[in-house]
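*Asks:* Enclosed is the structure file entry18.txt (compact mmCIF, C-alpha atoms).
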```
# COMPACT_ATOMS: atom_id res chain seq x y z
CA MET T 209 -22.73 -4.37 14.75
CA LYS T 210 -20.04 -6.46 16.34
CA TYR T 211 -17.32 -7.67 13.95
CA ILE T 212 -18.49 -5.16 11.36
CA ASP T 213 -18.30 -1.64 12.80
CA GLU T 214 -14.75 -2.11 14.11
CA TYR T 215 -13.61 -2.84 10.57
CA ARG T 216 -15.19 0.31 9.15
CA LYS T 217 -13.27 2.82 11.29
CA LYS T 218 -12.13 5.76 9.24
CA GLU T 219 -8.85 6.30 11.09
CA LEU T 220 -7.80 2.68 10.53
CA ILE T 221 -8.68 2.88 6.82
CA LEU T 222 -6.71 6.10 6.45
CA SER T 223 -3.65 4.82 8.29
CA LEU T 224 -3.61 1.76 6.04
CA SER T 225 -3.92 4.06 3.03
CA GLU T 226 -0.95 6.12 4.28
CA LYS T 227 1.21 3.07 4.81
CA LEU T 228 0.25 1.70 1.40
CA LYS T 229 1.36 4.92 -0.26
CA ARG T 230 4.74 4.62 1.44
CA VAL T 231 5.22 0.93 0.61
CA SER T 232 4.00 0.73 -2.98
CA GLN T 233 6.63 1.53 -5.63
CA LYS T 234 5.94 -0.95 -8.43
CA GLU T 235 2.96 -0.63 -10.75
CA ILE T 236 0.77 -3.63 -9.97
CA VAL T 237 -2.58 -5.11 -10.91
CA LEU T 238 -4.52 -6.97 -8.22
CA MET T 239 -7.65 -8.97 -8.97
CA GLU T 240 -10.42 -9.10 -6.40
CA VAL T 241 -11.95 -12.42 -7.34
CA CYS T 242 -15.15 -12.18 -5.31
CA GLY T 243 -18.16 -10.05 -6.25
CA GLY T 244 -18.60 -9.21 -2.57
CA HIS T 245 -15.17 -7.59 -2.62
CA THR T 246 -16.05 -5.58 -5.75
CA MET T 247 -19.12 -4.30 -3.92
CA ALA T 248 -17.10 -3.30 -0.83
CA ILE T 249 -14.44 -1.48 -2.89
CA HIS T 250 -17.02 0.68 -4.65
CA ARG T 251 -19.40 1.12 -1.75
CA PHE T 252 -16.64 2.49 0.46
CA GLY T 253 -14.84 4.35 -2.33
CA LEU T 254 -11.58 2.54 -1.63
CA THR T 255 -10.01 3.08 -5.06
CA SER T 256 -9.60 6.78 -4.18
CA LEU T 257 -7.49 5.78 -1.17
CA LEU T 258 -5.03 3.67 -3.16
CA PRO T 259 -1.74 4.96 -4.57
CA SER T 260 -1.72 5.45 -8.36
CA THR T 261 0.60 2.45 -8.65
CA ILE T 262 -2.15 -0.02 -7.70
CA LEU T 263 -4.94 -1.02 -10.05
CA LEU T 264 -7.75 -3.28 -8.83
CA ILE T 265 -9.62 -5.38 -11.38
CA SER T 266 -12.77 -7.43 -10.80
CA GLY T 267 -12.80 -11.15 -11.35
CA PRO T 268 -15.19 -14.02 -12.04
CA GLY T 269 -16.48 -14.46 -8.47
CA CYS T 270 -20.17 -13.78 -9.00
CA PRO T 271 -22.10 -17.05 -9.36
CA VAL T 272 -25.10 -15.53 -11.13
CA CYS T 273 -22.78 -13.78 -13.58
CA VAL T 274 -20.74 -16.83 -14.54
CA SER T 275 -23.70 -19.21 -14.90
CA SER T 276 -23.75 -20.19 -18.55
CA GLN T 277 -26.52 -19.28 -20.92
CA GLN T 278 -27.05 -23.02 -21.41
CA PHE T 279 -27.76 -23.42 -17.67
CA ILE T 280 -30.24 -20.53 -17.66
CA ASP T 281 -31.99 -21.97 -20.73
CA LYS T 282 -32.10 -25.39 -19.09
CA ALA T 283 -33.66 -23.92 -15.92
CA MET T 284 -36.26 -22.28 -18.12
CA ALA T 285 -37.03 -25.59 -19.84
CA TYR T 286 -37.58 -27.24 -16.43
CA SER T 287 -39.90 -24.41 -15.40
CA LYS T 288 -42.15 -25.20 -18.37
CA ILE T 289 -42.72 -28.83 -17.32
CA PRO T 290 -46.18 -29.20 -15.72
CA GLY T 291 -45.96 -30.11 -12.03
CA VAL T 292 -42.45 -28.71 -11.56
CA ILE T 293 -41.72 -26.01 -9.00
CA ILE T 294 -38.44 -24.15 -9.59
CA THR T 295 -36.75 -22.92 -6.42
CA THR T 296 -33.84 -20.54 -6.66
CA TYR T 297 -31.82 -17.83 -4.99
CA GLY T 298 -33.19 -14.41 -5.94
CA ASP T 299 -31.15 -12.83 -8.68
CA LEU T 300 -31.10 -15.79 -11.01
CA ILE T 301 -34.71 -15.36 -12.09
CA ARG T 302 -33.91 -12.06 -13.77
CA VAL T 303 -31.02 -13.28 -15.92
CA PRO T 304 -32.06 -13.11 -19.57
CA GLY T 305 -31.82 -16.49 -21.26
CA SER T 306 -31.59 -16.93 -25.02
CA SER T 307 -35.23 -16.00 -25.45
CA THR T 308 -36.85 -15.34 -22.07
CA SER T 309 -36.14 -15.26 -18.30
CA LEU T 310 -37.49 -17.22 -15.33
CA GLU T 311 -39.24 -14.06 -14.21
CA LYS T 312 -41.12 -13.89 -17.52
CA GLU T 313 -41.88 -17.61 -17.40
CA ARG T 314 -43.35 -17.07 -13.94
CA ALA T 315 -45.58 -14.33 -15.33
CA ASN T 316 -46.64 -16.86 -17.97
CA GLY T 317 -47.75 -19.32 -15.30
CA SER T 318 -44.64 -21.31 -14.36
CA ASP T 319 -44.21 -21.95 -10.63
CA VAL T 320 -40.90 -20.26 -9.80
CA ARG T 321 -40.19 -19.50 -6.15
CA ILE T 322 -37.36 -17.50 -4.62
CA VAL T 323 -35.84 -19.02 -1.49
CA TYR T 324 -33.37 -17.55 0.97
CA SER T 325 -32.04 -20.99 1.89
CA VAL T 326 -31.97 -24.36 0.15
CA LEU T 327 -33.69 -25.72 3.28
CA GLU T 328 -36.80 -23.77 2.25
CA ALA T 329 -36.76 -25.69 -1.02
CA LEU T 330 -36.76 -28.91 1.01
CA ASP T 331 -39.78 -27.66 2.97
CA ILE T 332 -41.58 -26.84 -0.26
CA ALA T 333 -40.90 -30.41 -1.41
CA LYS T 334 -42.42 -31.80 1.80
CA GLU T 335 -45.48 -29.56 1.50
CA ASN T 336 -46.04 -30.47 -2.17
CA PRO T 337 -45.62 -34.24 -2.44
CA ASP T 338 -47.41 -34.32 -5.81
CA LYS T 339 -44.99 -31.81 -7.36
CA ARG T 340 -41.37 -32.11 -8.42
CA ILE T 341 -39.15 -29.45 -6.84
CA VAL T 342 -36.05 -28.43 -8.79
CA PHE T 343 -33.52 -26.34 -6.87
CA LEU T 344 -31.12 -24.35 -9.04
CA GLY T 345 -27.77 -25.00 -7.40
CA ILE T 346 -25.49 -22.07 -8.06
CA GLY T 347 -22.56 -20.77 -6.06
CA PHE T 348 -18.97 -21.60 -5.24
CA GLU T 349 -17.38 -23.54 -2.38
CA THR T 350 -19.20 -21.33 0.15
CA THR T 351 -22.65 -22.28 -1.10
CA ALA T 352 -22.19 -25.76 -2.57
CA PRO T 353 -21.93 -27.43 0.88
CA LEU T 354 -25.40 -26.09 1.72
CA THR T 355 -26.85 -27.79 -1.34
CA ALA T 356 -24.91 -30.94 -0.45
CA ALA T 357 -26.29 -30.88 3.11
CA ALA T 358 -29.82 -30.49 1.71
CA ILE T 359 -29.36 -33.48 -0.60
CA LEU T 360 -28.17 -35.61 2.33
CA SER T 361 -31.15 -34.39 4.41
CA ALA T 362 -33.51 -35.33 1.56
CA ARG T 363 -31.99 -38.81 1.50
CA ARG T 364 -32.20 -39.16 5.28
CA GLU T 365 -35.81 -37.94 5.41
CA LYS T 366 -36.73 -39.92 2.28
CA ILE T 367 -38.02 -36.93 0.33
CA PRO T 368 -38.51 -38.32 -3.20
CA ASN T 369 -39.49 -35.11 -5.01
CA PHE T 370 -36.47 -32.87 -4.34
CA PHE T 371 -34.02 -32.46 -7.21
CA VAL T 372 -31.00 -30.27 -7.81
CA LEU T 373 -29.88 -28.81 -11.12
CA SER T 374 -26.25 -28.21 -10.25
CA ALA T 375 -24.18 -25.40 -11.70
CA HIS T 376 -21.96 -25.25 -8.62
CA LYS T 377 -18.42 -24.27 -9.43
CA ILE T 378 -15.06 -24.02 -7.70
CA MET T 379 -12.60 -21.14 -7.72
CA PRO T 380 -9.02 -22.38 -8.20
CA PRO T 381 -9.35 -23.64 -11.81
CA VAL T 382 -10.81 -20.35 -13.05
CA MET T 383 -8.13 -18.32 -11.26
CA LYS T 384 -5.44 -20.47 -12.90
CA ALA T 385 -7.21 -20.24 -16.27
CA LEU T 386 -7.07 -16.43 -16.17
CA VAL T 387 -3.35 -16.49 -15.42
CA ALA T 388 -2.75 -19.06 -18.16
CA GLU T 389 -4.70 -16.93 -20.61
CA GLY T 390 -2.28 -14.09 -19.98
CA VAL T 391 -4.50 -11.66 -18.08
CA LYS T 392 -2.07 -9.31 -16.32
CA ILE T 393 -2.44 -10.09 -12.62
CA ASP T 394 0.27 -9.58 -10.00
CA GLY T 395 -1.72 -10.90 -7.06
CA PHE T 396 -5.12 -12.11 -5.96
CA ILE T 397 -7.39 -10.80 -3.23
CA ALA T 398 -8.93 -14.20 -2.53
CA PRO T 399 -12.52 -14.82 -1.46
CA GLY T 400 -12.90 -14.98 2.32
CA HIS T 401 -15.97 -17.15 2.66
CA VAL T 402 -14.93 -19.64 -0.02
CA SER T 403 -11.69 -20.00 1.94
CA ALA T 404 -13.56 -20.39 5.25
CA ILE T 405 -14.85 -23.66 3.79
CA THR T 406 -11.82 -24.82 1.78
CA GLY T 407 -8.93 -23.61 3.91
CA THR T 408 -5.84 -22.01 2.42
CA ALA T 409 -4.17 -24.89 0.56
CA ILE T 410 -6.28 -24.54 -2.60
CA TYR T 411 -4.23 -21.47 -3.57
CA ASN T 412 -0.76 -23.00 -3.10
CA ASP T 413 -0.35 -23.68 -6.84
CA LEU T 414 -0.81 -20.00 -7.64
CA VAL T 415 2.24 -19.25 -5.52
CA THR T 416 4.45 -22.21 -6.39
CA LYS T 417 3.57 -22.53 -10.09
CA CYS T 418 2.60 -18.98 -11.06
CA GLY T 419 4.67 -16.99 -8.56
CA LEU T 420 1.67 -14.90 -7.55
CA GLY T 421 0.69 -13.63 -4.11
CA VAL T 422 -2.66 -14.53 -2.62
CA VAL T 423 -4.25 -12.80 0.37
CA ILE T 424 -7.52 -14.16 1.72
CA SER T 425 -9.57 -11.15 2.67
CA GLY T 426 -12.56 -10.14 4.75
CA PHE T 427 -15.23 -7.88 3.32
CA GLU T 428 -15.10 -4.69 5.36
CA PRO T 429 -13.10 -1.65 4.19
CA VAL T 430 -10.36 -2.15 6.80
CA ASP T 431 -10.07 -5.79 5.72
CA MET T 432 -9.77 -4.82 2.06
CA MET T 433 -7.18 -2.10 2.64
CA GLN T 434 -5.11 -4.40 4.83
CA SER T 435 -5.25 -7.13 2.18
CA VAL T 436 -4.07 -4.74 -0.54
CA LEU T 437 -1.23 -3.67 1.75
CA MET T 438 -0.24 -7.28 2.44
CA LEU T 439 -0.16 -8.04 -1.29
CA ALA T 440 1.79 -4.86 -2.07
CA GLU T 441 4.37 -5.85 0.57
CA GLN T 442 4.64 -9.37 -0.83
CA ILE T 443 5.27 -7.98 -4.30
CA GLU T 444 7.67 -5.20 -3.25
CA TYR T 445 9.79 -7.63 -1.24
CA GLY T 446 9.51 -10.41 -3.86
CA LYS T 447 7.99 -12.90 -1.44
CA PRO T 448 4.70 -14.22 -2.84
CA ALA T 449 2.74 -16.40 -0.42
CA VAL T 450 -0.73 -17.44 0.63
CA GLU T 451 -1.60 -15.22 3.58
CA VAL T 452 -4.80 -14.84 5.55
CA GLN T 453 -5.96 -11.34 6.39
CA TYR T 454 -9.40 -12.65 7.46
CA GLN T 455 -7.99 -14.42 10.51
CA ARG T 456 -11.17 -14.11 12.54
CA VAL T 457 -13.08 -16.40 10.17
CA VAL T 458 -10.65 -18.42 8.04
CA GLN T 459 -8.89 -21.39 9.61
CA ARG T 460 -5.89 -22.76 7.76
CA GLU T 461 -7.53 -26.18 7.28
CA GLY T 462 -11.02 -24.75 6.59
CA ASN T 463 -14.34 -26.25 7.64
CA LEU T 464 -13.75 -30.01 7.62
CA ILE T 465 -17.42 -30.97 8.07
CA ALA T 466 -18.37 -28.92 5.02
CA GLN T 467 -15.46 -30.35 3.03
CA ASN T 468 -16.52 -33.92 3.86
CA ILE T 469 -20.14 -33.27 2.90
CA LEU T 470 -19.02 -31.69 -0.38
CA GLU T 471 -16.86 -34.72 -1.11
CA GLU T 472 -19.66 -37.13 -0.29
CA VAL T 473 -22.19 -35.48 -2.60
CA PHE T 474 -20.26 -33.91 -5.47
CA GLU T 475 -17.51 -34.82 -7.89
CA PHE T 476 -15.47 -32.53 -10.12
CA ARG T 477 -16.50 -32.22 -13.75
CA ASP T 478 -15.76 -29.95 -16.70
CA ASP T 479 -18.00 -26.90 -16.66
CA THR T 480 -18.84 -23.94 -18.86
CA TRP T 481 -18.49 -20.40 -17.51
CA ARG T 482 -20.11 -17.40 -19.12
CA GLY T 483 -17.54 -15.55 -21.16
CA LEU T 484 -14.79 -17.98 -20.26
CA GLY T 485 -15.95 -21.15 -21.96
CA MET T 486 -15.24 -24.65 -20.75
CA ILE T 487 -12.78 -24.95 -17.86
CA PRO T 488 -11.68 -28.52 -17.07
CA GLN T 489 -12.71 -29.88 -13.66
CA SER T 490 -14.13 -26.54 -12.53
CA GLY T 491 -17.70 -27.65 -11.79
CA LEU T 492 -19.42 -29.85 -9.26
CA GLY T 493 -21.73 -32.61 -10.46
CA ILE T 494 -23.82 -34.85 -8.21
CA ARG T 495 -22.28 -38.28 -7.65
CA GLU T 496 -23.86 -41.33 -9.29
CA ARG T 497 -24.94 -42.86 -5.97
CA LEU T 498 -27.06 -39.77 -5.25
CA SER T 499 -28.51 -39.60 -8.76
CA ALA T 500 -32.04 -39.85 -7.29
CA PHE T 501 -31.64 -36.17 -6.43
CA ASP T 502 -30.04 -35.10 -9.71
CA ALA T 503 -32.60 -33.31 -11.89
CA GLU T 504 -30.59 -33.96 -15.04
CA ARG T 505 -30.41 -37.70 -14.45
CA GLN T 506 -34.05 -38.06 -13.34
CA PHE T 507 -35.80 -36.06 -16.01
CA SER T 508 -33.72 -34.38 -18.63
CA VAL T 509 -34.73 -31.50 -20.84
CA VAL T 510 -33.61 -30.66 -24.33
CA VAL T 511 -32.65 -27.09 -25.01
CA PRO T 512 -31.68 -25.58 -28.34
CA GLU T 513 -28.21 -24.10 -28.71
CA SER T 514 -27.94 -21.06 -26.48
CA THR T 515 -27.08 -17.61 -27.75
CA GLU T 516 -25.28 -14.92 -25.75
CA PRO T 517 -26.83 -11.46 -25.69
CA LYS T 518 -25.59 -9.28 -28.57
CA GLY T 519 -23.15 -6.49 -27.77
CA CYS T 520 -22.71 -7.58 -24.13
CA ILE T 521 -19.06 -7.67 -22.99
CA CYS T 522 -19.78 -9.55 -19.75
CA GLY T 523 -17.23 -12.20 -20.71
CA GLN T 524 -14.35 -9.72 -20.96
CA ILE T 525 -15.45 -8.01 -17.75
CA LEU T 526 -15.45 -11.35 -15.89
CA ARG T 527 -11.87 -11.90 -17.07
CA GLY T 528 -10.75 -8.50 -15.85
CA LEU T 529 -9.95 -7.37 -19.40
CA LYS T 530 -12.52 -4.59 -19.56
CA THR T 531 -14.63 -2.55 -17.17
CA PRO T 532 -18.34 -1.77 -17.56
CA ILE T 533 -17.39 1.76 -18.68
CA ASP T 534 -15.97 0.17 -21.86
CA CYS T 535 -19.35 -1.34 -22.76
CA PRO T 536 -21.52 0.61 -25.22
CA LEU T 537 -24.66 -0.84 -23.61
CA PHE T 538 -23.73 0.16 -20.03
CA ALA T 539 -26.28 2.46 -18.36
CA LYS T 540 -27.96 2.96 -21.73
CA LYS T 541 -29.52 -0.20 -23.10
CA CYS T 542 -28.41 -2.22 -20.06
CA THR T 543 -29.54 -1.14 -16.58
CA PRO T 544 -30.48 -3.01 -13.39
CA SER T 545 -34.18 -2.67 -14.23
CA GLY T 546 -33.65 -3.82 -17.81
CA PRO T 547 -30.48 -5.91 -17.82
CA VAL T 548 -28.98 -7.29 -21.03
CA GLY T 549 -26.23 -9.36 -19.40
CA ALA T 550 -25.90 -11.29 -16.17
CA CYS T 551 -23.29 -8.91 -14.69
CA MET T 552 -25.98 -6.21 -14.52
CA VAL T 553 -28.49 -8.54 -12.83
CA SER T 554 -26.72 -9.70 -9.71
CA GLY T 555 -26.24 -7.14 -6.94
CA GLU T 556 -22.60 -8.23 -6.78
CA GLY T 557 -22.12 -8.23 -10.54
CA THR T 558 -19.44 -5.79 -11.66
CA CYS T 559 -21.84 -3.90 -13.95
CA ALA T 560 -24.55 -3.58 -11.27
CA THR T 561 -21.94 -2.34 -8.78
CA TYR T 562 -20.53 0.22 -11.23
CA TYR T 563 -24.09 1.35 -12.02
CA LYS T 564 -25.03 1.80 -8.39
CA TYR T 565 -21.91 3.76 -7.44
CA ARG T 566 -21.26 5.56 -10.74
CA SER T 567 -20.53 9.26 -10.42
CA MET W 1066 -23.79 -14.65 -3.14
CA CYS W 1067 -20.89 -15.68 -0.91
CA LEU W 1068 -22.12 -13.06 1.52
CA ALA W 1069 -22.02 -14.15 5.16
CA ILE W 1070 -22.84 -11.99 8.16
CA PRO W 1071 -21.67 -12.29 11.78
CA ALA W 1072 -24.59 -13.36 13.98
CA LYS W 1073 -24.77 -14.05 17.71
CA VAL W 1074 -26.05 -17.45 18.80
CA THR W 1075 -28.82 -17.15 21.38
CA SER W 1076 -30.03 -20.75 21.67
CA ILE W 1077 -29.52 -24.16 20.14
CA GLU W 1078 -31.98 -26.94 19.48
CA GLY W 1079 -30.77 -30.08 17.74
CA THR W 1080 -29.10 -29.15 14.47
CA SER W 1081 -30.33 -25.61 14.37
CA ALA W 1082 -29.66 -22.42 16.28
CA LEU W 1083 -31.43 -19.16 16.82
CA VAL W 1084 -29.14 -16.26 16.06
CA THR W 1085 -29.52 -12.49 16.13
CA ILE W 1086 -28.23 -9.78 13.84
CA GLU W 1087 -28.98 -6.29 15.17
CA ASP W 1088 -31.75 -7.68 17.39
CA VAL W 1089 -33.47 -9.44 14.50
CA GLU W 1090 -33.75 -13.17 14.99
CA TYR W 1091 -32.84 -15.75 12.32
CA LYS W 1092 -32.62 -19.50 12.19
CA ALA W 1093 -29.23 -20.99 11.40
CA SER W 1094 -28.71 -24.62 10.42
CA LEU W 1095 -25.83 -26.28 12.25
CA LEU W 1096 -25.46 -29.07 9.70
CA LEU W 1097 -22.05 -27.67 8.71
CA LEU W 1098 -20.79 -26.51 12.10
CA THR W 1099 -20.66 -28.25 15.45
CA ASN W 1100 -19.20 -27.18 18.75
CA VAL W 1101 -21.22 -23.98 18.87
CA GLN W 1102 -22.37 -22.45 22.18
CA PRO W 1103 -24.87 -19.71 22.97
CA GLY W 1104 -22.94 -16.44 23.02
CA ASP W 1105 -20.66 -17.47 20.13
CA TYR W 1106 -20.67 -15.51 16.92
CA ILE W 1107 -21.07 -17.49 13.72
CA MET W 1108 -20.99 -16.46 10.05
CA LEU W 1109 -24.50 -16.88 8.64
CA HIS W 1110 -24.74 -17.74 4.94
CA ALA W 1111 -28.11 -18.52 3.30
CA GLY W 1112 -29.55 -20.05 6.45
CA PHE W 1113 -26.44 -22.00 7.49
CA ALA W 1114 -23.73 -21.34 10.05
CA ILE W 1115 -20.57 -21.88 7.99
CA GLU W 1116 -17.86 -20.93 10.48
CA LYS W 1117 -17.34 -19.52 13.94
CA VAL W 1118 -15.91 -16.05 14.44
CA ASP W 1119 -12.69 -16.40 16.41
CA ALA W 1120 -12.92 -13.66 19.06
CA ALA W 1121 -9.21 -13.83 19.97
CA GLU W 1122 -8.09 -13.51 16.34
CA ALA W 1123 -10.50 -10.62 15.80
CA GLU W 1124 -9.01 -8.77 18.76
CA GLU W 1125 -5.46 -9.48 17.67
CA THR W 1126 -6.08 -8.09 14.17
CA LEU W 1127 -7.60 -4.93 15.64
CA ARG W 1128 -4.75 -4.56 18.13
CA LEU W 1129 -2.18 -4.68 15.31
CA LEU W 1130 -4.16 -2.23 13.22
CA ASN W 1131 -4.51 0.18 16.11
CA GLU W 1132 -0.77 -0.05 16.64
CA LEU W 1133 -0.20 0.82 13.01
CA ASN W 1134 -2.59 3.73 13.41
CA GLN W 1135 -0.64 5.05 16.43
CA PHE W 1136 2.59 4.63 14.52
CA THR W 1137 1.20 6.53 11.52
CA LEU W 1138 0.05 9.38 13.76
CA ASP W 1139 3.46 9.59 15.43
```
Can you give me the file's structure in the form of C-alpha cells?
*Replies:*
Amino acid sequence: MKYIDEYRKKELILSLSEKLKRVSQKEIVLMEVCGGHTMAIHRFGLTSLLPSTILLISGPGCPVCVSSQQFIDKAMAYSKIPGVIITTYGDLIRVPGSSTSLEKERANGSDVRIVYSVLEALDIAKENPDKRIVFLGIGFETTAPLTAAAILSARREKIPNFFVLSAHKIMPPVMKALVAEGVKIDGFIAPGHVSAITGTAIYNDLVTKCGLGVVISGFEPVDMMQSVLMLAEQIEYGKPAVEVQYQRVVQREGNLIAQNILEEVFEFRDDTWRGLGMIPQSGLGIRERLSAFDAERQFSVVVPESTEPKGCICGQILRGLKTPIDCPLFAKKCTPSGPVGACMVSGEGTCATYYKYRS
Amino acid sequence: MCLAIPAKVTSIEGTSALVTIEDVEYKASLLLLTNVQPGDYIMLHAGFAIEKVDAAEAEETLRLLNELNQFTLD
C-alpha cells in the first residue's frame, strides 16, 4: 500500500536503530501519547530495537480508555429511555460501567447501534424521525471535528432528532497535567493525526515552559524509529523543540477548515478523565447556540455516583506510572473477552495491546 | 481511534469523494477538506478526509532515510 509499505522497510528501521544506538548516551523516558503509537511499537517489536538507555511509556491517548465512568453510566442511562437509539463507535459498548455495559443493555432490549462514521448516525436520524438519536461523541482533536461537522449538517438539513453526548477531549492540557504531576518524561512522541488537525503550535508550551522535546510522529515503524531518534538528538544536544517527523501529513498550521468548525461548535470546559480526575479546560462542550443538538441540554438523565472497577490500575497505566504487567488482574481476571477496565477494551488500549503481543 | 489510513481519491461528487484502499472502495466526506483532486491521496478517518498526503514531503523523507541507510552501510 502506498504511503504505508515504504515506511515498513526493514533496512530503514535497522539503520535508524543503529544510528540511535550511536547517538543515545543519556537515560531517557519518552511518552508515546497516542494509543495508535502504542499499538505500532508492540506490533512491530520496536522496543527490542532501542538502546537500553531509552524507555518508552504509554500515555493517555486512547479515547475509550480515558472516558470517565460517569460518561459511560450516563450513556447507559440514555440507552434505557424508550424511543432513544444510541449510536457509537465500536469499542465503547463493551466498556463496563458501574453496573452494566451498553452491550448488556442492548441484549436487554436497548437500541444501541455501532457506526463507523458519525454521518451514519445522521442517516439513522433521518430514517427514524419518531426516535431520538444520541451519538456518543468521544475522541480527541482528530475526531471532534467530525462530530462538529455532523452537528452543522444536522442544523443545515433541519434534522431535529439528532443529539450528541459529548465527551470529546483535547490533548495539550492532559500532557501538561502529567508533567505537572511529576511523571518522569523527557520528551513526547506526539499524536500525528491530532496534529494534522491542530497544527504544531499547541505543543509550544511544553518546550518553552517545561523544557521538553516534542516530535509529531507518523504511525509506521520507520516513522516511530525516526521520531525516537529525533527526540534523542534533541535531548543529547540540549535543544528541545517541536519538530514534525510526519511531514507528509502534518502542516505547520494544521487543517484550518477543521479548526474553524471545531471553534464554531465547541467550547472548552473542565472535564473528567479516567484515572486522572478533573483537568481544567480539557474537554469540549457544545456551544449554547447549538444546544438543540446537545443531548444533555435537551433531555438530561440522572445517574448515581459512579464507581471505578475494583483492583483495576487503568488510571496509573494511563499516566505512564505502571504497565499492564504490574496489574494483578492482567490476563487473569481481565482479558479482551472479559475486560474489567477500559484499557483492556479498546484495541489501542495499553492493556489490550500488551495482551495481544505478550510473549 | 485517531487511526487514519492513506486512501486514493478516484472521483468527487459535491462534498464527498470515492476513495480506494487496496482496491476496496470507500466514501470519504470532504466537509473538512477542500482542494482535493482525483489521484490525490487523503488520510481517511471515520468516513472523513482529514488531510491530504503531501507527495513531495513523503518523497523527501524517504530520500533522507535512504541516505542515512547508505551512510550506515558504508
*Asks:* Give me, please, the distance in Å between CA of Glu504 (chain T) and CA of His376 (chain T), quoted to one decimal.
*Replies:*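 Computed distance, CA of Glu504 (chain T) to CA of His376 (chain T), equals 13.8 Å.
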*Asks:* Can you tell me how far CA of Ile487 (chain T) sits from CA of Pro381 (chain T), in Å to one decimal?
*Replies:*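 Pair CA of Ile487 (chain T) / CA of Pro381 (chain T) returns 7.1 Å.
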*Asks:* Fewer than 5 positions away in the same chain doesn't count, so skip those; otherwise give me all residues within 6 Å of Ser490 (chain T), counting all atoms listed in the file, as an NGL selection string.
*Replies:* :T and (377-378 or 381 or 478-479)
*Asks:* Using only C-alpha atoms, find the one residue out of T:Asp319, T:Glu349, T:Glu311, T:Glu226 that sits nearest to His1110 (chain W).
*Replies:*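 Comparing T:Asp319, T:Glu349, T:Glu311, T:Glu226 against His1110 (chain W), the winner is T:Glu349.
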*Asks:* Grab the CA of Thr1126 (chain W) to CA of Val457 (chain T) distance for me, in Å with one decimal place.
*Replies:*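 Between CA of Thr1126 (chain W) and CA of Val457 (chain T) the gap works out to 11.6 Å.
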*Asks:* Using only C-alpha atoms, which protein or nucleic acid residues come within 12 Å of Glu428 (chain T)? Drop anything in the same chain fewer than 3 positions from it, and give the result as a ChimeraX atom specification.
*Replies:* /T:211-218,220-221,244-254,400,425,431-435,453-454 /W:1068-1071
*Asks:* Only residues of chain W matter here; which ones have an atom within 7 Å of chain T, counting all atoms listed in the file? Give them as a ChimeraX atom specification.
*Replies:* /W:1066-1068,1071,1087,1096-1098,1111-1112,1116-1120,1122-1123,1130-1131,1134,1137
*Asks:* Residues within 9 Å of Thr1080 (chain W), please, as a PyMOL selection string. Count all atoms listed in the file; anything in the same chain fewer than 5 positions from it doesn't count.
*Replies:* chain W and resi 1093-1096+1099
*Asks:* Could you check the closest approach to Gln1102 (chain W) for each of W:Arg1128, W:Thr1075, W:Ala1114, W:Val1089 and tell me which residue wins, using all atoms listed in the file?
*Replies:* W:Thr1075
*Asks:* Nearest to Phe1113 (chain W) among T:Leu439, T:Thr355, T:Gly485, T:Ala560, with distances taken over only C-alpha atoms: which residue is it?
*Replies:*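 Using only C-alpha atoms, the shortest distance to Phe1113 (chain W) belongs to T:Thr355.
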*Asks:* Any idea what's packed within 10 Å of Ala440 (chain T), counting all atoms listed in the file, ignoring anything in its chain fewer than 2 positions away? Could you give it as a list of chain:residue names?
*Replies:* T:Leu228, T:Lys229, T:Val231, T:Ser232, T:Gln233, T:Lys234, T:Glu235, T:Ile236, T:Val237, T:Leu238, T:Thr261, T:Ile262, T:Asp394, T:Gly395, T:Gly421, T:Gln434, T:Ser435, T:Val436, T:Leu437, T:Met438, T:Gln442, T:Ile443, T:Glu444, T:Tyr445, T:Gly446, T:Pro448
*Asks:* What are the centre and the three edge lengths of an axis-aligned box that wraps all atoms of region 364-368 of chain T in the file, given that 8 Å is added to every side, written as lines of an AutoDock Vina configuration file and rounded to one decimal in Å?
*Replies:*
```
center_x = -35.4
center_y = -38.4
center_z = 1.1
size_x = 22.3
size_y = 19.0
size_z = 24.6
```
*Asks:* Skipping near chain neighbours, those fewer than 5 positions away, what residues fall within 8 Å of Val387 (chain T) using only C-alpha atoms, listed as a list in words?
*Replies:*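 Result of the neighbour search: Lys392, Ile393 and Cys418 of chain T.
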